[in-house]
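Structure file entry30.cif; described as mmCIF, C-alpha atoms, pLDDT in the B column; chains and numbers go by the auth columns.
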data_input
#
loop_
_atom_site.group_PDB
_atom_site.id
_atom_site.type_symbol
_atom_site.label_atom_id
_atom_site.label_comp_id
_atom_site.label_asym_id
_atom_site.label_seq_id
_atom_site.Cartn_x
_atom_site.Cartn_y
_atom_site.Cartn_z
_atom_site.B_iso_or_equiv
_atom_site.auth_seq_id
_atom_site.auth_asym_id
ATOM 1 C CA GLN A 1 1.455 31.060 5.983 88.00 1 A
ATOM 2 C CA VAL A 2 -1.835 29.337 6.679 93.00 2 A
ATOM 3 C CA GLN A 3 -5.037 29.612 4.679 96.00 3 A
ATOM 4 C CA LEU A 4 -8.223 28.773 6.561 97.00 4 A
ATOM 5 C CA VAL A 5 -11.577 27.914 5.008 97.00 5 A
ATOM 6 C CA GLU A 6 -14.703 27.656 7.153 97.00 6 A
ATOM 7 C CA SER A 7 -17.849 25.747 6.294 97.00 7 A
ATOM 8 C CA GLY A 8 -20.973 24.440 7.963 98.00 8 A
ATOM 9 C CA GLY A 9 -22.856 27.613 8.775 97.00 9 A
ATOM 10 C CA GLY A 10 -26.522 28.068 8.026 97.00 10 A
ATOM 11 C CA LEU A 11 -29.984 28.712 9.377 98.00 11 A
ATOM 12 C CA VAL A 12 -31.230 26.667 12.304 98.00 12 A
ATOM 13 C CA GLN A 13 -34.072 26.906 14.793 98.00 13 A
ATOM 14 C CA THR A 14 -33.615 27.574 18.486 98.00 14 A
ATOM 15 C CA GLY A 15 -32.411 24.415 20.190 98.00 15 A
ATOM 16 C CA GLY A 16 -30.875 23.034 17.026 98.00 16 A
ATOM 17 C CA SER A 17 -27.307 22.065 16.242 98.00 17 A
ATOM 18 C CA LEU A 18 -24.659 22.890 13.686 98.00 18 A
ATOM 19 C CA ARG A 19 -21.083 21.775 13.180 98.00 19 A
ATOM 20 C CA LEU A 20 -18.594 24.236 11.774 98.00 20 A
ATOM 21 C CA SER A 21 -15.402 23.091 10.092 98.00 21 A
ATOM 22 C CA CYS A 22 -12.172 24.990 9.516 98.00 22 A
ATOM 23 C CA ALA A 23 -9.857 23.411 6.969 97.00 23 A
ATOM 24 C CA ALA A 24 -6.238 24.561 6.998 96.00 24 A
ATOM 25 C CA SER A 25 -3.918 24.647 3.999 94.00 25 A
ATOM 26 C CA ARG A 26 -1.123 22.919 5.897 92.00 26 A
ATOM 27 C CA SER A 27 -0.546 20.643 8.816 91.00 27 A
ATOM 28 C CA ILE A 28 -1.967 21.972 12.059 92.00 28 A
ATOM 29 C CA PHE A 29 -0.236 19.682 14.543 87.00 29 A
ATOM 30 C CA ASP A 30 2.167 22.460 15.544 87.00 30 A
ATOM 31 C CA ILE A 31 -0.209 25.433 15.231 91.00 31 A
ATOM 32 C CA SER A 32 -1.328 26.666 18.615 91.00 32 A
ATOM 33 C CA PRO A 33 -3.765 27.830 19.482 96.00 33 A
ATOM 34 C CA MET A 34 -6.497 27.586 16.913 97.00 34 A
ATOM 35 C CA GLY A 35 -10.057 28.525 17.560 97.00 35 A
ATOM 36 C CA TRP A 36 -13.200 30.397 16.753 98.00 36 A
ATOM 37 C CA TYR A 37 -14.366 33.952 17.166 98.00 37 A
ATOM 38 C CA ARG A 38 -17.766 35.322 16.290 98.00 38 A
ATOM 39 C CA GLN A 39 -19.130 38.749 15.452 98.00 39 A
ATOM 40 C CA ALA A 40 -22.774 39.694 15.651 96.00 40 A
ATOM 41 C CA PRO A 41 -24.146 42.773 13.860 91.00 41 A
ATOM 42 C CA GLY A 42 -23.190 45.935 15.708 94.00 42 A
ATOM 43 C CA LYS A 43 -21.035 44.069 18.214 96.00 43 A
ATOM 44 C CA GLN A 44 -17.337 43.484 18.707 96.00 44 A
ATOM 45 C CA ARG A 45 -15.744 40.235 17.691 96.00 45 A
ATOM 46 C CA GLU A 46 -15.680 37.862 20.656 97.00 46 A
ATOM 47 C CA LEU A 47 -13.704 34.738 21.393 98.00 47 A
ATOM 48 C CA VAL A 48 -15.825 31.586 21.397 98.00 48 A
ATOM 49 C CA ALA A 49 -13.435 28.665 21.862 98.00 49 A
ATOM 50 C CA THR A 50 -9.782 27.743 21.536 98.00 50 A
ATOM 51 C CA ILE A 51 -7.779 24.555 21.283 97.00 51 A
ATOM 52 C CA THR A 52 -4.044 24.099 21.701 96.00 52 A
ATOM 53 C CA SER A 53 -1.797 21.759 19.774 93.00 53 A
ATOM 54 C CA GLY A 54 -1.990 19.449 22.775 94.00 54 A
ATOM 55 C CA GLY A 55 -5.778 19.464 22.739 94.00 55 A
ATOM 56 C CA ILE A 56 -6.418 21.742 25.702 97.00 56 A
ATOM 57 C CA THR A 57 -9.667 23.609 25.192 98.00 57 A
ATOM 58 C CA ASN A 58 -11.145 26.810 26.522 98.00 58 A
ATOM 59 C CA TYR A 59 -14.597 28.335 26.078 98.00 59 A
ATOM 60 C CA ALA A 60 -16.413 31.595 26.527 98.00 60 A
ATOM 61 C CA ALA A 61 -18.818 31.463 29.441 98.00 61 A
ATOM 62 C CA SER A 62 -21.751 32.053 27.106 97.00 62 A
ATOM 63 C CA VAL A 63 -21.141 28.819 25.175 98.00 63 A
ATOM 64 C CA LYS A 64 -19.661 26.532 27.807 98.00 64 A
ATOM 65 C CA GLY A 65 -21.597 23.275 28.026 98.00 65 A
ATOM 66 C CA ARG A 66 -23.219 23.831 24.632 98.00 66 A
ATOM 67 C CA PHE A 67 -20.279 24.124 22.220 98.00 67 A
ATOM 68 C CA THR A 68 -17.378 21.715 21.754 98.00 68 A
ATOM 69 C CA ILE A 69 -14.172 22.484 19.898 98.00 69 A
ATOM 70 C CA SER A 70 -12.076 19.642 18.519 98.00 70 A
ATOM 71 C CA LYS A 71 -9.470 19.003 15.861 97.00 71 A
ATOM 72 C CA ASP A 72 -8.319 16.283 13.531 96.00 72 A
ATOM 73 C CA ASP A 73 -4.624 16.690 12.822 94.00 73 A
ATOM 74 C CA ALA A 74 -4.744 14.096 10.060 95.00 74 A
ATOM 75 C CA LEU A 75 -7.339 16.161 8.189 96.00 75 A
ATOM 76 C CA ASN A 76 -5.852 19.552 9.140 96.00 76 A
ATOM 77 C CA THR A 77 -9.286 20.558 10.382 97.00 77 A
ATOM 78 C CA VAL A 78 -10.723 22.187 13.481 98.00 78 A
ATOM 79 C CA TYR A 79 -14.385 21.746 14.339 98.00 79 A
ATOM 80 C CA LEU A 80 -16.929 23.593 16.426 98.00 80 A
ATOM 81 C CA GLN A 81 -19.922 21.500 17.424 98.00 81 A
ATOM 82 C CA MET A 82 -22.728 23.821 18.488 98.00 82 A
ATOM 83 C CA ASN A 83 -25.715 22.390 20.338 98.00 83 A
ATOM 84 C CA SER A 84 -28.728 23.980 22.019 98.00 84 A
ATOM 85 C CA LEU A 85 -28.362 27.016 19.816 98.00 85 A
ATOM 86 C CA LYS A 86 -29.968 30.285 20.857 98.00 86 A
ATOM 87 C CA PRO A 87 -30.890 33.395 18.845 97.00 87 A
ATOM 88 C CA GLU A 88 -28.034 35.231 20.566 96.00 88 A
ATOM 89 C CA ASP A 89 -25.599 32.814 18.931 98.00 89 A
ATOM 90 C CA THR A 90 -26.427 34.424 15.584 98.00 90 A
ATOM 91 C CA ALA A 91 -23.183 35.814 14.156 98.00 91 A
ATOM 92 C CA VAL A 92 -20.488 35.366 11.579 98.00 92 A
ATOM 93 C CA TYR A 93 -18.085 32.757 12.922 98.00 93 A
ATOM 94 C CA TYR A 94 -14.398 33.089 12.096 98.00 94 A
ATOM 95 C CA CYS A 95 -11.713 30.465 12.438 98.00 95 A
ATOM 96 C CA TYR A 96 -8.245 31.629 13.432 97.00 96 A
ATOM 97 C CA ALA A 97 -4.776 30.196 13.856 97.00 97 A
ATOM 98 C CA ASN A 98 -1.710 31.530 15.663 93.00 98 A
ATOM 99 C CA GLN A 99 1.679 30.622 14.256 89.00 99 A
ATOM 100 C CA TYR A 100 5.047 32.194 15.001 87.00 100 A
ATOM 101 C CA GLY A 101 3.410 35.292 16.428 88.00 101 A
ATOM 102 C CA LEU A 102 1.138 35.837 13.455 93.00 102 A
ATOM 103 C CA ARG A 103 -2.620 35.397 13.408 94.00 103 A
ATOM 104 C CA TYR A 104 -4.431 34.032 10.398 96.00 104 A
ATOM 105 C CA TRP A 105 -8.179 34.268 9.764 97.00 105 A
ATOM 106 C CA GLY A 106 -10.723 32.500 7.647 97.00 106 A
ATOM 107 C CA GLN A 107 -13.342 34.331 5.633 97.00 107 A
ATOM 108 C CA GLY A 108 -16.148 33.587 8.078 97.00 108 A
ATOM 109 C CA THR A 109 -19.347 31.571 7.934 97.00 109 A
ATOM 110 C CA GLN A 110 -22.786 32.885 8.858 98.00 110 A
ATOM 111 C CA VAL A 111 -24.792 31.183 11.602 98.00 111 A
ATOM 112 C CA THR A 112 -28.382 32.315 12.042 98.00 112 A
ATOM 113 C CA VAL A 113 -30.589 30.960 14.815 98.00 113 A
ATOM 114 C CA SER A 114 -34.284 31.679 14.442 97.00 114 A
ATOM 115 C CA SER A 115 -36.586 32.000 17.435 92.00 115 A
#

Take the structure from the file and write it as structure tokens.
Amino acid sequence: QVQLVESGGGLVQTGGSLRLSCAASRSIFDISPMGWYRQAPGKQRELVATITSGGITNYAASVKGRFTISKDDALNTVYLQMNSLKPEDTAVYYCYANQYGLRYWGQGTQVTVSS
């Protein structure tokens, strides 16, 4: 089992930046993939970014070039650096991890971008 705890959300103005962190309860070097989803009010949860155990990344078209996913295996933490934020990025951001066919989720962290 893996417990995930997100942090780093908050309120930011358009064009600003935030860095989200996802701390895992165990080593993540063999957990693949890990990543971030987000869910805006009244919308379905959508995939934002993923990272494999080998460090291969993938992004939704809407965030490509603005967001960067990374991980620190020594700290058991995955990050999401979000730059050039837009009001449409407002959502609850959830960290997830896939291990042995099971998916684990964090509790979510709110990101609000004001116009």

Which residue, A:Gly15, A:Gly101, A:Gly54, A:Pro33, has the smallest gap to A:Ser114 when you use only C-alpha atoms? A:Gly15

I'd like to see the residues matched by the PyMOL selection byres ((chain A and resi 6) around 6) on this file, and ideally I'd get them as a list of chain:residue names.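 Applying the expression gives A:Val5, A:Ser7, A:Ser21, A:Cys22.
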
Given the PyMOL selection byres ((chain A and resi 83-92) around 7), the residues it picks as a ChimeraX atom specification: /A:14-18,38-40,66-67,81-82,93-94,108-115

Keeping only C-alpha atoms, take the residues you just selected and write them out as an mmCIF file, in the frame of the given file.
data_model
loop_
_atom_site.group_PDB
_atom_site.id
_atom_site.type_symbol
_atom_site.label_atom_id
_atom_site.label_comp_id
_atom_site.auth_asym_id
_atom_site.auth_seq_id
_atom_site.Cartn_x
_atom_site.Cartn_y
_atom_site.Cartn_z
ATOM 1 C CA THR A 14 -33.615 27.574 18.486
ATOM 2 C CA GLY A 15 -32.411 24.415 20.190
ATOM 3 C CA GLY A 16 -30.875 23.034 17.026
ATOM 4 C CA SER A 17 -27.307 22.065 16.242
ATOM 5 C CA LEU A 18 -24.659 22.890 13.686
ATOM 6 C CA ARG A 38 -17.766 35.322 16.290
ATOM 7 C CA GLN A 39 -19.130 38.749 15.452
ATOM 8 C CA ALA A 40 -22.774 39.694 15.651
ATOM 9 C CA ARG A 66 -23.219 23.831 24.632
ATOM 10 C CA PHE A 67 -20.279 24.124 22.220
ATOM 11 C CA GLN A 81 -19.922 21.500 17.424
ATOM 12 C CA MET A 82 -22.728 23.821 18.488
ATOM 13 C CA TYR A 93 -18.085 32.757 12.922
ATOM 14 C CA TYR A 94 -14.398 33.089 12.096
ATOM 15 C CA GLY A 108 -16.148 33.587 8.078
ATOM 16 C CA THR A 109 -19.347 31.571 7.934
ATOM 17 C CA GLN A 110 -22.786 32.885 8.858
ATOM 18 C CA VAL A 111 -24.792 31.183 11.602
ATOM 19 C CA THR A 112 -28.382 32.315 12.042
ATOM 20 C CA VAL A 113 -30.589 30.960 14.815
ATOM 21 C CA SER A 114 -34.284 31.679 14.442
ATOM 22 C CA SER A 115 -36.586 32.000 17.435
#

For the structure shown, which residues end up in the PyMOL selection byres ((chain A and resi 95) around 6)? Put them as a PyMOL selection string, please? chain A and resi 35-36+94+96+105-106

Kindly give the distance, in Å, that separates atom CA of A:Glu46 and atom CA of A:Ala74, rounded to a single decimal.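 According to the coordinates, atom CA of A:Glu46 and atom CA of A:Ala74 are separated by 28.2 Å.
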
Which of these, A:Leu20, A:Met34, A:Ala60, A:Ala49, has the shortest distance to A:Tyr79 once you count all atoms listed in the file?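 With all atoms listed in the file as the atom set, the closest residue is A:Leu20.
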
What gap, in Å, lies between atom CA of A:Gly42 and atom CA of A:Ser62?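 Atom-to-atom, atom CA of A:Gly42 to atom CA of A:Ser62, that is 18.0 Å.
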
Among the residues A:Gln107, A:Gln1, A:Gly10, A:Leu47, the one that comes closest to A:Val63 [using only C-alpha atoms]: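 For A:Val63, the nearest of the given residues is A:Leu47.
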
Taking only C-alpha atoms into account, which of A:Ser25, A:Lys43, A:Thr50, A:Gln3 comes nearest A:Asp73?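 Among the listed residues, A:Ser25 lies closest to A:Asp73.
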
When you draw a straight line from atom CA of A:Ile56 to atom CA of A:Ser32, how long is it in Å?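 A separation of 10.0 Å between them.
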
Around all of stretch 94-98 of chain A's listed atoms, make the axis-aligned box with 5 Å on each side and tell me centre and edge lengths in Å to one decimal, as AutoDock Vina command-line options.
--center_x -8.1 --center_y 31.6 --center_z 13.9 --size_x 22.7 --size_y 12.9 --size_z 13.6

Could you complete stretch 60-82 of chain A so that it carries N, CA and C atoms, and give it back as a CSV table (one decimal), keeping the file's coordinate frame?
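Written out: result_39.csv:
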chain,number,residue,atom,x,y,z
A,60,ALA,N,-15.7,30.5,25.9
A,60,ALA,CA,-16.4,31.6,26.5
A,60,ALA,C,-17.5,31.1,27.4
A,61,ALA,N,-17.8,31.9,28.5
A,61,ALA,CA,-18.8,31.5,29.4
A,61,ALA,C,-20.2,31.3,28.8
A,62,SER,N,-20.4,32.1,27.8
A,62,SER,CA,-21.8,32.1,27.1
A,62,SER,C,-22.0,30.8,26.3
A,63,VAL,N,-21.0,30.0,26.0
A,63,VAL,CA,-21.1,28.8,25.2
A,63,VAL,C,-20.7,27.6,25.9
A,64,LYS,N,-20.2,27.7,27.1
A,64,LYS,CA,-19.7,26.5,27.8
A,64,LYS,C,-20.8,25.6,28.1
A,65,GLY,N,-20.6,24.3,27.8
A,65,GLY,CA,-21.6,23.3,28.0
A,65,GLY,C,-22.5,23.1,26.8
A,66,ARG,N,-22.4,24.0,25.9
A,66,ARG,CA,-23.2,23.8,24.6
A,66,ARG,C,-22.3,23.6,23.4
A,67,PHE,N,-21.2,24.2,23.4
A,67,PHE,CA,-20.3,24.1,22.2
A,67,PHE,C,-19.1,23.2,22.6
A,68,THR,N,-18.6,22.5,21.6
A,68,THR,CA,-17.4,21.7,21.8
A,68,THR,C,-16.4,21.9,20.6
A,69,ILE,N,-15.2,22.3,20.9
A,69,ILE,CA,-14.2,22.5,19.9
A,69,ILE,C,-13.3,21.2,19.9
A,70,SER,N,-12.9,20.8,18.7
A,70,SER,CA,-12.1,19.6,18.5
A,70,SER,C,-11.2,19.8,17.3
A,71,LYS,N,-10.3,18.9,17.1
A,71,LYS,CA,-9.5,19.0,15.9
A,71,LYS,C,-9.1,17.6,15.4
A,72,ASP,N,-8.8,17.5,14.1
A,72,ASP,CA,-8.3,16.3,13.5
A,72,ASP,C,-7.0,16.6,12.8
A,73,ASP,N,-5.9,16.3,13.4
A,73,ASP,CA,-4.6,16.7,12.8
A,73,ASP,C,-4.4,16.0,11.5
A,74,ALA,N,-4.9,14.8,11.3
A,74,ALA,CA,-4.7,14.1,10.1
A,74,ALA,C,-5.5,14.8,8.9
A,75,LEU,N,-6.6,15.5,9.2
A,75,LEU,CA,-7.3,16.2,8.2
A,75,LEU,C,-7.1,17.7,8.2
A,76,ASN,N,-6.2,18.1,9.1
A,76,ASN,CA,-5.9,19.6,9.1
A,76,ASN,C,-7.1,20.4,9.4
A,77,THR,N,-8.0,19.9,10.2
A,77,THR,CA,-9.3,20.6,10.4
A,77,THR,C,-9.6,20.7,11.9
A,78,VAL,N,-10.2,21.9,12.2
A,78,VAL,CA,-10.7,22.2,13.5
A,78,VAL,C,-12.2,22.3,13.4
A,79,TYR,N,-12.9,21.8,14.4
A,79,TYR,CA,-14.4,21.7,14.3
A,79,TYR,C,-15.0,22.5,15.5
A,80,LEU,N,-16.2,23.0,15.3
A,80,LEU,CA,-16.9,23.6,16.4
A,80,LEU,C,-18.3,23.0,16.4
A,81,GLN,N,-18.6,22.1,17.3
A,81,GLN,CA,-19.9,21.5,17.4
A,81,GLN,C,-20.8,22.4,18.3
A,82,MET,N,-21.9,22.9,17.8
A,82,MET,CA,-22.7,23.8,18.5
A,82,MET,C,-24.1,23.2,18.7
